[in-house]
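Coordinates as given in work.cif (mmCIF, C-alpha atoms):
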data_run
#
loop_
_atom_site.group_PDB
_atom_site.id
_atom_site.type_symbol
_atom_site.label_atom_id
_atom_site.label_comp_id
_atom_site.auth_asym_id
_atom_site.auth_seq_id
_atom_site.Cartn_x
_atom_site.Cartn_y
_atom_site.Cartn_z
ATOM 1 C CA MET J 1 0.000 0.000 0.000
ATOM 2 C CA PHE J 2 2.756 2.428 0.935
ATOM 3 C CA GLN J 3 4.686 1.514 -2.201
ATOM 4 C CA GLN J 4 1.715 2.483 -4.363
ATOM 5 C CA ILE J 5 1.344 5.807 -2.545
ATOM 6 C CA TYR J 6 5.088 6.412 -2.843
ATOM 7 C CA LYS J 7 4.998 5.655 -6.576
ATOM 8 C CA TRP J 8 1.989 7.950 -7.040
ATOM 9 C CA ILE J 9 3.714 10.836 -5.242
ATOM 10 C CA GLN J 10 6.899 10.165 -7.210
ATOM 11 C CA ASN J 11 4.997 10.307 -10.530
ATOM 12 C CA ILE J 12 3.377 13.618 -9.594
ATOM 13 C CA THR J 13 6.717 15.078 -8.490
ATOM 14 C CA VAL J 14 8.508 14.062 -11.687
ATOM 15 C CA TYR J 15 5.630 15.426 -13.745
ATOM 16 C CA LEU J 16 5.713 18.790 -11.957
ATOM 17 C CA ILE J 17 9.474 19.070 -12.473
ATOM 18 C CA ILE J 18 9.143 18.307 -16.179
ATOM 19 C CA THR J 19 6.255 20.759 -16.506
ATOM 20 C CA ALA J 20 8.291 23.504 -14.818
ATOM 21 C CA ALA J 21 11.213 22.856 -17.178
ATOM 22 C CA VAL J 22 8.910 23.014 -20.209
ATOM 23 C CA MET J 23 7.340 26.241 -18.958
ATOM 24 C CA HIS J 24 10.780 27.852 -18.714
ATOM 25 C CA ALA J 25 11.724 26.615 -22.189
ATOM 26 C CA VAL J 26 8.569 27.921 -23.890
ATOM 27 C CA PRO J 27 9.264 31.183 -25.737
ATOM 28 C CA GLY J 28 6.859 33.979 -24.920
ATOM 29 C CA LYS J 29 3.683 34.121 -22.884
ATOM 30 C CA ASP J 30 1.374 33.177 -25.732
ATOM 31 C CA TYR J 31 2.310 29.506 -25.683
ATOM 32 C CA GLY J 32 2.523 29.395 -21.888
ATOM 33 C CA LYS J 33 -1.220 29.386 -21.409
ATOM 34 C CA TYR J 34 -1.616 26.399 -23.738
ATOM 35 C CA VAL J 35 1.134 24.471 -21.994
ATOM 36 C CA ARG J 36 -0.448 25.265 -18.597
ATOM 37 C CA PHE J 37 -3.865 24.110 -19.830
ATOM 38 C CA PHE J 38 -2.537 20.846 -21.240
ATOM 39 C CA SER J 39 -0.350 20.170 -18.204
ATOM 40 C CA GLY J 40 -3.321 20.881 -15.939
ATOM 41 C CA LEU J 41 -5.372 18.237 -17.723
ATOM 42 C CA ILE J 42 -2.621 15.688 -17.318
ATOM 43 C CA LEU J 43 -2.189 16.633 -13.650
ATOM 44 C CA ILE J 44 -5.899 16.000 -13.069
ATOM 45 C CA LEU J 45 -5.488 12.526 -14.574
ATOM 46 C CA LEU J 46 -2.452 11.861 -12.390
ATOM 47 C CA LEU J 47 -4.323 12.947 -9.278
ATOM 48 C CA ALA J 48 -7.346 10.808 -10.177
ATOM 49 C CA THR J 49 -5.317 7.661 -10.875
ATOM 50 C CA PRO J 50 -5.698 6.124 -7.377
ATOM 51 C CA LEU J 51 -9.457 6.686 -7.454
ATOM 52 C CA LEU J 52 -9.710 5.105 -10.883
ATOM 53 C CA ASN J 53 -7.677 2.111 -9.719
ATOM 54 C CA LEU J 54 -9.855 1.615 -6.631
ATOM 55 C CA THR J 55 -13.114 1.712 -8.570
ATOM 56 C CA GLY J 56 -11.809 -0.412 -11.460
ATOM 57 C CA MET J 57 -12.488 2.317 -14.004
ATOM 58 C CA ASN J 58 -8.844 2.343 -15.071
ATOM 59 C CA GLU J 59 -9.209 -1.043 -16.764
ATOM 60 C CA LYS J 60 -12.464 0.006 -18.445
ATOM 61 C CA PHE J 61 -10.874 3.151 -19.868
ATOM 62 C CA GLU J 62 -7.887 1.159 -21.101
ATOM 63 C CA THR J 63 -10.002 -1.457 -22.893
ATOM 64 C CA LEU J 64 -12.204 1.263 -24.392
ATOM 65 C CA TYR J 65 -9.129 3.089 -25.678
ATOM 66 C CA ARG J 66 -7.594 -0.080 -27.093
ATOM 67 C CA ASN J 67 -10.811 -1.003 -28.933
ATOM 68 C CA ASN J 68 -11.188 2.441 -30.530
ATOM 69 C CA GLU J 69 -7.503 2.603 -31.447
ATOM 70 C CA TYR J 70 -7.687 -0.808 -33.131
ATOM 71 C CA LYS J 71 -10.776 0.188 -35.131
ATOM 72 C CA LEU J 72 -9.164 3.432 -36.328
ATOM 73 C CA GLU J 73 -5.967 1.679 -37.403
ATOM 74 C CA LYS J 74 -7.954 -0.990 -39.243
ATOM 75 C CA GLN J 75 -9.995 1.651 -41.103
ATOM 76 C CA GLU J 76 -6.832 3.527 -42.070
ATOM 77 C CA ILE J 77 -5.165 0.383 -43.420
ATOM 78 C CA GLU J 78 -8.258 -0.534 -45.423
ATOM 79 C CA SER J 79 -8.520 2.955 -46.937
ATOM 80 C CA VAL J 80 -4.855 2.898 -47.964
ATOM 81 C CA GLU J 81 -5.316 -0.533 -49.537
ATOM 82 C CA GLU J 82 -8.300 0.752 -51.535
ATOM 83 C CA LEU J 83 -6.319 3.768 -52.724
ATOM 84 C CA TYR J 84 -3.448 1.530 -53.763
ATOM 85 C CA LYS J 85 -5.713 -0.821 -55.679
ATOM 86 C CA ASP J 86 -7.575 1.991 -57.431
ATOM 87 C CA SER J 87 -4.641 4.176 -58.339
ATOM 88 C CA ALA J 88 -2.762 4.127 -61.592
ATOM 89 C CA LEU J 89 0.452 3.950 -59.598
ATOM 90 C CA SER J 90 -0.242 0.346 -58.694
ATOM 91 C CA ASP J 91 0.152 -0.585 -62.378
ATOM 92 C CA TYR J 92 3.436 1.318 -62.484
ATOM 93 C CA PHE J 93 4.789 -0.408 -59.384
ATOM 94 C CA GLN J 94 3.755 -3.810 -60.694
ATOM 95 C CA SER J 95 5.525 -3.212 -64.014
ATOM 96 C CA GLU J 96 8.652 -2.022 -62.139
ATOM 97 C CA GLU J 97 8.640 -5.164 -59.992
ATOM 98 C CA GLU J 98 8.252 -7.363 -63.086
ATOM 99 C CA THR J 99 11.156 -5.572 -64.792
ATOM 100 C CA GLU J 100 13.374 -6.046 -61.739
ATOM 101 C CA GLN J 101 12.469 -9.714 -61.496
ATOM 102 C CA ASP J 102 13.196 -10.261 -65.204
ATOM 103 C CA SER J 103 16.599 -8.571 -64.951
ATOM 104 C CA MET J 104 17.509 -10.662 -61.913
ATOM 105 C CA LYS J 105 16.578 -13.855 -63.770
ATOM 106 C CA GLU J 106 18.751 -12.883 -66.731
ATOM 107 C CA GLY J 107 21.697 -12.040 -64.480
ATOM 108 C CA ASN J 108 21.802 -8.409 -65.553
ATOM 109 C CA SER J 109 22.442 -6.906 -62.161
ATOM 110 C CA ARG J 110 24.094 -3.690 -63.307
ATOM 111 C CA ILE J 111 24.655 -0.574 -61.226
ATOM 112 C CA GLU J 112 25.130 2.790 -62.889
ATOM 113 C CA VAL J 113 26.909 5.641 -61.160
ATOM 114 C CA GLY J 114 26.717 9.193 -62.411
ATOM 115 C CA GLU J 115 29.141 12.035 -61.775
ATOM 116 C CA ILE J 116 28.277 14.798 -59.352
ATOM 117 C CA GLU J 117 30.026 18.165 -59.286
ATOM 118 C CA ILE J 118 30.470 19.768 -55.892
ATOM 119 C CA GLY J 119 31.340 23.403 -55.490
ATOM 120 C CA GLN J 120 30.902 26.541 -57.592
#

Show me, as structure tokens, the structure contained in the file I just sent.
Amino acid sequence: MFQQIYKWIQNITVYLIITAAVMHAVPGKDYGKYVRFFSGLILILLLATPLLNLTGMNEKFETLYRNNEYKLEKQEIESVEELYKDSALSDYFQSEEETEQDSMKEGNSRIEVGEIEIGQ
């Protein structure tokens, strides 16, 4: 029990030190209010962590996040696959791959090097 409290206090302390360092590194006062707002939100989450662990809500939030993240990644992969299949570039890449495979079969692995001038 005391180890959990110690770890919780340690996390808050490290977070406050990092936040103070970031606040001193931020140029101007305009960005400072955004950093303070964002760091305040994270501090609220850090302070609420023991309550979430006691009520079991921490696990529910984690599973909810994991499910939504998985769905978004799956949708993104499917949309990229559709774009690849529909685009004219897919034909180009397929012809390039066929050309490379044919040249490897024939043993024509040739590398060309051009000259580059450096300077004025």

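Note that CA of Leu46 (chain J) and CA of Glu62 (chain J) are 14.8 Å apart.
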
Please indicate the distance in Å from CA of Val35 (chain J) to CA of Ala21 (chain J), rounded to one decimal place.
->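 If I compute the distance from CA of Val35 (chain J) to CA of Ala21 (chain J), I get 11.3 Å.
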
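Atom pair CA of Arg36 (chain J) / CA of Leu64 (chain J) has a distance of 27.3 Å (rounded to one decimal).
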
Can you give me, as a list in words, the residues this file yields under the PyMOL selection byres ((chain J and resi 47) around 12)?
->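 When the PyMOL selection byres ((chain J and resi 47) around 12) is applied, the selected residues are Ile5, Trp8, Ile9, Gln10, Asn11, Ile12, Thr13, Tyr15, Leu16, Gly40, Leu41, Ile42, Leu43, Ile44, Leu45, Leu46, Ala48, Thr49, Pro50, Leu51, Leu52 and Asn53 of chain J.
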
Grab the residues selected above and save them as a JSON list (two decimals), keeping the file's coordinate frame with C-alpha atoms.
[["chain", "number", "residue", "atom", "x", "y", "z"],
["J", 5, "ILE", "CA", 1.34, 5.81, -2.54],
["J", 8, "TRP", "CA", 1.99, 7.95, -7.04],
["J", 9, "ILE", "CA", 3.71, 10.84, -5.24],
["J", 10, "GLN", "CA", 6.90, 10.16, -7.21],
["J", 11, "ASN", "CA", 5.00, 10.31, -10.53],
["J", 12, "ILE", "CA", 3.38, 13.62, -9.59],
["J", 13, "THR", "CA", 6.72, 15.08, -8.49],
["J", 15, "TYR", "CA", 5.63, 15.43, -13.74],
["J", 16, "LEU", "CA", 5.71, 18.79, -11.96],
["J", 40, "GLY", "CA", -3.32, 20.88, -15.94],
["J", 41, "LEU", "CA", -5.37, 18.24, -17.72],
["J", 42, "ILE", "CA", -2.62, 15.69, -17.32],
["J", 43, "LEU", "CA", -2.19, 16.63, -13.65],
["J", 44, "ILE", "CA", -5.90, 16.00, -13.07],
["J", 45, "LEU", "CA", -5.49, 12.53, -14.57],
["J", 46, "LEU", "CA", -2.45, 11.86, -12.39],
["J", 48, "ALA", "CA", -7.35, 10.81, -10.18],
["J", 49, "THR", "CA", -5.32, 7.66, -10.88],
["J", 50, "PRO", "CA", -5.70, 6.12, -7.38],
["J", 51, "LEU", "CA", -9.46, 6.69, -7.45],
["J", 52, "LEU", "CA", -9.71, 5.11, -10.88],
["J", 53, "ASN", "CA", -7.68, 2.11, -9.72]]
